[in-house]
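For reference, the structure is listed below as C-alpha cells.
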Amino acid sequence: MSNLELPPEVERFYSETIDESERLSIAADGRLELIRTQELLRRYLPPAPAKILDVGGGPGAHARWLVADGYEVDLVDPIARHVEQASRICRSSVGDARHLNAADHTYDVVLLLGPLYHLPDPADRRQALAEAHRVVSPGGLVAAAAINHYASLFEHAALAHLHTERMQASISEILRTAVYDGNRGFTLAYFHRAEELADELRRSGLAGVTVFGIEGPAWALLKAVEQRDPVALDDALFKSSLTAARLAEPYPELLAASSHLLAIGMAH
Ligand SMILES: C[S@@+](CC[C@H](N)C(=O)[O-])C[C@H]1O[C@@H](n2cnc3c(N)ncnc32)[C@H](O)[C@@H]1O
C-alpha cells in the first residue's frame, strides 16, 4: 500500500523554490514543450465542449488554452499555490493523482502532465494510471507525460556542466537508477524510457497506446543558446527546433532525444 503523502522535497520545490506558472511561457524550451503538447493533444481531443480532468495541472498552463478552445476543465493538484493560481482559469481543487475524488467514468479526457514525473515508486504510478482510467468514460482518452530517461544527460552536456565530477556522478546515477533524489536544483523525479511508459499505460488497461517525443532532438541546444541570448518564437533557431520535433515524430529511435514523452491511450 503506498503512502499518499507528497514527498516534502516536491512540496517545497513547487511551493517555494520555483514559480511553475512561468515554466512554459518564459524559457524557449518551455515554449517548445507547450506548442508541441498542444499540437499533439489537439490531434486526439474530442471536439469541444468535452469534459477534461487535468491531474497535476499545476497553475493551469494547459487548462488555459483548453478552456479557450471551449473545453470544460477541472484541475487537481497537490500544491495549494498551484490550485489557487489555477482557480483563475478553471475549477481547481487540491488532490493527488493516486486518489481522485471524481466518480467513475465522469470525464472524456484525463491528462496526467506531471504527476508521473514525481512518482518514482512503480506502485504509485500504477495507482495514478488506474485512477485516470477509472474516472475516464469508455472510449475516452488518457494522456500521460513523462520526463525522458536521457533528458538530464542532454541538458547538462549542452549547458556545459558535465566536466565536473559532481555532475558526472549525479547524471550517471540518474542514468543508472532512473531516479533523481531531489538533492539540489530539481526535485525528486523519475525518468522514463518510452517503451516503459507505453507498457505502464497498456498495463493500466488502456488501448491503442502511442508515445510521442514532445520537444524533439534540438531542445537542449535551444536551452544552451538561450543561456547567452534570448530566443524569441520567431527566431530561426526556435523554428528549426520545432521543425526538428515534427520531423522526428515517425522515428521511434528518436523518442530518446526529447526532454519529455507524451503517451496517449484510449479507455474501453
Ligand atoms: C512540472 S509540473 C507540470 C504542471 C502542468 N501539468 C504542466 O504540464 O505545465 C508537475 C506537476 O505535478 C504535480 N504533482 C506532483 N506530484 C503529484 C501527485 N502525486 N499527484 C498529482 N499531481 C502531482 C505538481 O504539483 C506539479 O504541479
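Naming scheme: A, B, ... for chains in displayed order of the C-alpha cells; residues 1 onward per chain; ligands 1 onward as shown.
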| request: Find the residues near ligand 1. Use a cut-off of 6 Å, count only C-alpha atoms and all ligand atoms, and write them as a ChimeraX atom specification. | output: /A:55-58,61,77-79,96-97,113-115,118
| Near segment 188-194 of chain A, counting only C-alpha atoms, which residues have an atom at most 6 Å away, once you skip same-chain residues fewer than 4 positions from it, shown as a PyMOL selection string? | chain A and resi 117-118+120+147-149+178-182
Next, the residues of the selection above should be written as a tab-separated table (two decimals), in the first residue's frame with C-alpha atoms.
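Result went into again19.tsv, see below:
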chain	number	residue	atom	x	y	z
A	117	TYR	CA	7.46	12.82	-13.11
A	118	HIS	CA	7.35	12.73	-9.33
A	120	PRO	CA	9.43	7.03	-8.58
A	147	ILE	CA	10.45	13.01	-18.31
A	148	ASN	CA	12.73	11.15	-20.70
A	149	HIS	CA	15.32	8.80	-19.24
A	178	ALA	CA	16.11	6.41	-13.43
A	179	VAL	CA	15.59	8.45	-10.25
A	180	TYR	CA	16.85	11.87	-9.18
A	181	ASP	CA	16.87	12.20	-5.40
A	182	GLY	CA	15.98	15.89	-5.38
| message | So that I can see what lies close to segment 32-40 of chain A, please list as a list in words the residues with an atom at most 8 Å from it, counting only C-alpha atoms and leaving out residues fewer than 5 positions away in the same chain. | response |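 Listed by chain and then number, they are Leu24, Ser25, His62, Ile214, Glu215, Trp219, Phe238, Leu242, His260 and Leu262 of chain A.
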Now that the selection is made, can you save its residues with C-alpha atoms as an mmCIF file, in the first residue's frame?
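again-v7.cif, written as the output of this step:
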data_model
loop_
_atom_site.group_PDB
_atom_site.id
_atom_site.type_symbol
_atom_site.label_atom_id
_atom_site.label_comp_id
_atom_site.auth_asym_id
_atom_site.auth_seq_id
_atom_site.Cartn_x
_atom_site.Cartn_y
_atom_site.Cartn_z
ATOM 1 C CA LEU A 24 6.038 27.073 -20.188
ATOM 2 C CA SER A 25 5.877 30.737 -21.125
ATOM 3 C CA HIS A 62 -2.691 23.688 -20.270
ATOM 4 C CA ILE A 214 7.384 16.255 -27.220
ATOM 5 C CA GLU A 215 10.346 18.562 -27.870
ATOM 6 C CA TRP A 219 15.619 21.300 -27.157
ATOM 7 C CA PHE A 238 13.233 28.206 -32.379
ATOM 8 C CA LEU A 242 10.110 22.979 -33.647
ATOM 9 C CA HIS A 260 9.529 14.830 -22.343
ATOM 10 C CA LEU A 262 3.659 12.075 -24.178
#
Using 9 Å as the limit and counting only C-alpha atoms, can you tabulate each residue of segment 204-228 of chain A that touches segment 159-175 of chain A, with its shortest atom-to-atom distance in Å and the two atoms involved, as a tab-separated table?
residue	atom	partner	partner_atom	distance
A:Ala220	CA	A:Leu159	CA	7.8
A:Leu221	CA	A:Leu159	CA	8.4
A:Lys223	CA	A:Leu159	CA	7.6
A:Ala224	CA	A:Leu159	CA	5.2
A:Val225	CA	A:Leu159	CA	8.8
A:Gln227	CA	A:Leu159	CA	8.0
| Shell of 12 Å around Ser93 of chain A, only C-alpha atoms, local chain residues under 3 positions omitted, as a ChimeraX atom specification | /A:53-60,73-88,90,96-97,100-102
Those same residues - C-alpha atoms - I'd like them written as a PDB file, in the first residue's frame.
ATOM      1  CA  LEU A  53      -9.692  16.436 -15.863  1.00  0.00           C
ATOM      2  CA  ASP A  54      -6.198  17.958 -15.695  1.00  0.00           C
ATOM      3  CA  VAL A  55      -4.473  15.951 -12.952  1.00  0.00           C
ATOM      4  CA  GLY A  56      -1.267  17.572 -11.689  1.00  0.00           C
ATOM      5  CA  GLY A  57      -2.309  20.531 -13.805  1.00  0.00           C
ATOM      6  CA  GLY A  58      -0.119  22.941 -11.815  1.00  0.00           C
ATOM      7  CA  PRO A  59      -1.026  26.622 -12.188  1.00  0.00           C
ATOM      8  CA  GLY A  60      -3.058  25.799 -15.319  1.00  0.00           C
ATOM      9  CA  VAL A  73     -11.746  21.709 -17.464  1.00  0.00           C
ATOM     10  CA  ASP A  74     -11.386  20.607 -13.842  1.00  0.00           C
ATOM     11  CA  LEU A  75      -7.867  20.732 -12.397  1.00  0.00           C
ATOM     12  CA  VAL A  76      -6.442  18.795  -9.459  1.00  0.00           C
ATOM     13  CA  ASP A  77      -3.009  19.407  -7.943  1.00  0.00           C
ATOM     14  CA  PRO A  78      -1.453  18.676  -4.535  1.00  0.00           C
ATOM     15  CA  ILE A  79       0.199  22.124  -4.261  1.00  0.00           C
ATOM     16  CA  ALA A  80      -2.084  24.751  -2.685  1.00  0.00           C
ATOM     17  CA  ARG A  81      -0.340  27.602  -4.505  1.00  0.00           C
ATOM     18  CA  HIS A  82      -0.981  25.899  -7.895  1.00  0.00           C
ATOM     19  CA  VAL A  83      -4.638  25.319  -7.053  1.00  0.00           C
ATOM     20  CA  GLU A  84      -5.046  28.989  -6.145  1.00  0.00           C
ATOM     21  CA  GLN A  85      -3.308  30.125  -9.376  1.00  0.00           C
ATOM     22  CA  ALA A  86      -5.390  27.711 -11.484  1.00  0.00           C
ATOM     23  CA  SER A  87      -8.653  28.844  -9.850  1.00  0.00           C
ATOM     24  CA  ARG A  88      -8.432  31.994 -12.023  1.00  0.00           C
ATOM     25  CA  CYS A  90     -10.999  26.805 -14.212  1.00  0.00           C
ATOM     26  CA  ASP A  96      -3.434  13.599  -5.603  1.00  0.00           C
ATOM     27  CA  ALA A  97      -3.236  11.577  -8.838  1.00  0.00           C
ATOM     28  CA  LEU A 100      -9.046  11.111  -7.320  1.00  0.00           C
ATOM     29  CA  ASN A 101     -12.321  12.292  -5.831  1.00  0.00           C
ATOM     30  CA  ALA A 102     -14.192  12.100  -9.146  1.00  0.00           C
TER      31      ALA A 102
END
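Across A:Arg64, A:Phe186, A:Thr243, A:Arg98, the tightest approach to Asp121 of chain A is made by A:Arg98 when counting only C-alpha atoms.
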Check the DSSP output for the backbone and give back, as a PDB file with C-alpha atoms, in the first residue's frame, the residues of segment 11-231 of chain A in strand (DSSP E or B).
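Saved the output as part_15.pdb:
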ATOM      1  CA  LYS A  51     -15.037  17.314 -20.000  1.00  0.00           C
ATOM      2  CA  ILE A  52     -11.318  17.238 -19.202  1.00  0.00           C
ATOM      3  CA  LEU A  53      -9.692  16.436 -15.863  1.00  0.00           C
ATOM      4  CA  ASP A  54      -6.198  17.958 -15.695  1.00  0.00           C
ATOM      5  CA  VAL A  55      -4.473  15.951 -12.952  1.00  0.00           C
ATOM      6  CA  GLU A  72     -14.863  22.225 -19.592  1.00  0.00           C
ATOM      7  CA  VAL A  73     -11.746  21.709 -17.464  1.00  0.00           C
ATOM      8  CA  ASP A  74     -11.386  20.607 -13.842  1.00  0.00           C
ATOM      9  CA  LEU A  75      -7.867  20.732 -12.397  1.00  0.00           C
ATOM     10  CA  VAL A  76      -6.442  18.795  -9.459  1.00  0.00           C
ATOM     11  CA  ASP A  77      -3.009  19.407  -7.943  1.00  0.00           C
ATOM     12  CA  ARG A  91     -12.468  24.811 -11.323  1.00  0.00           C
ATOM     13  CA  SER A  92      -9.494  23.600  -9.295  1.00  0.00           C
ATOM     14  CA  SER A  93      -9.002  21.577  -6.142  1.00  0.00           C
ATOM     15  CA  VAL A  94      -6.266  20.078  -4.001  1.00  0.00           C
ATOM     16  CA  ASP A  96      -3.434  13.599  -5.603  1.00  0.00           C
ATOM     17  CA  HIS A  99      -6.614   9.030  -5.271  1.00  0.00           C
ATOM     18  CA  TYR A 107     -14.553  12.686 -17.898  1.00  0.00           C
ATOM     19  CA  ASP A 108     -13.998  12.436 -21.657  1.00  0.00           C
ATOM     20  CA  VAL A 109     -10.275  13.067 -21.219  1.00  0.00           C
ATOM     21  CA  VAL A 110      -7.857  12.755 -18.303  1.00  0.00           C
ATOM     22  CA  LEU A 111      -4.484  14.491 -18.507  1.00  0.00           C
ATOM     23  CA  LEU A 112      -1.551  13.457 -16.339  1.00  0.00           C
ATOM     24  CA  VAL A 136     -12.490   8.471 -17.798  1.00  0.00           C
ATOM     25  CA  SER A 137     -15.509   7.305 -19.827  1.00  0.00           C
ATOM     26  CA  PRO A 138     -15.312   4.262 -22.106  1.00  0.00           C
ATOM     27  CA  GLY A 139     -13.871   5.490 -25.405  1.00  0.00           C
ATOM     28  CA  GLY A 140     -12.278   8.459 -23.608  1.00  0.00           C
ATOM     29  CA  LEU A 141      -8.604   9.415 -23.640  1.00  0.00           C
ATOM     30  CA  VAL A 142      -5.833   9.341 -21.080  1.00  0.00           C
ATOM     31  CA  ALA A 143      -2.726  11.393 -21.932  1.00  0.00           C
ATOM     32  CA  ALA A 144       0.286  10.992 -19.656  1.00  0.00           C
ATOM     33  CA  ALA A 145       3.583  12.847 -19.878  1.00  0.00           C
ATOM     34  CA  ALA A 146       6.930  11.648 -18.550  1.00  0.00           C
ATOM     35  CA  ILE A 147      10.450  13.007 -18.315  1.00  0.00           C
ATOM     36  CA  ASN A 148      12.728  11.153 -20.698  1.00  0.00           C
ATOM     37  CA  VAL A 179      15.587   8.452 -10.249  1.00  0.00           C
ATOM     38  CA  TYR A 180      16.848  11.866  -9.176  1.00  0.00           C
ATOM     39  CA  ALA A 189      11.933  12.792 -10.145  1.00  0.00           C
ATOM     40  CA  TYR A 190      11.522   9.657 -12.220  1.00  0.00           C
ATOM     41  CA  PHE A 191      12.914   9.359 -15.769  1.00  0.00           C
ATOM     42  CA  HIS A 192      11.001   7.051 -18.136  1.00  0.00           C
ATOM     43  CA  ALA A 207      -5.730   0.520 -25.639  1.00  0.00           C
ATOM     44  CA  GLY A 208      -4.072   1.869 -28.785  1.00  0.00           C
ATOM     45  CA  VAL A 209      -1.230   3.422 -26.789  1.00  0.00           C
ATOM     46  CA  THR A 210       1.082   5.743 -28.750  1.00  0.00           C
ATOM     47  CA  VAL A 211       4.122   7.570 -27.379  1.00  0.00           C
ATOM     48  CA  PHE A 212       5.415  10.842 -28.823  1.00  0.00           C
ATOM     49  CA  GLY A 213       8.604  12.798 -28.221  1.00  0.00           C
TER      50      GLY A 213
END
| Point-to-point distance from atom CA of Glu195 of chain A to atom CA of Ala158 of chain A, Å rounded to tenths |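 Rounded to one decimal, the two atoms are 25.2 Å apart.
With distances restricted to only C-alpha atoms, A:Ala256 is the closest residue to Ala151 of chain A from A:Leu222, A:Ala256, A:Leu45, A:Ala27.
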| field | Residue nearest Glu131 of chain A - candidates A:Ser204, A:Ser240, A:Ser15, A:Ser152, atoms counted: only C-alpha atoms | value |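 Using only C-alpha atoms, Glu131 of chain A sits closest to A:Ser204.
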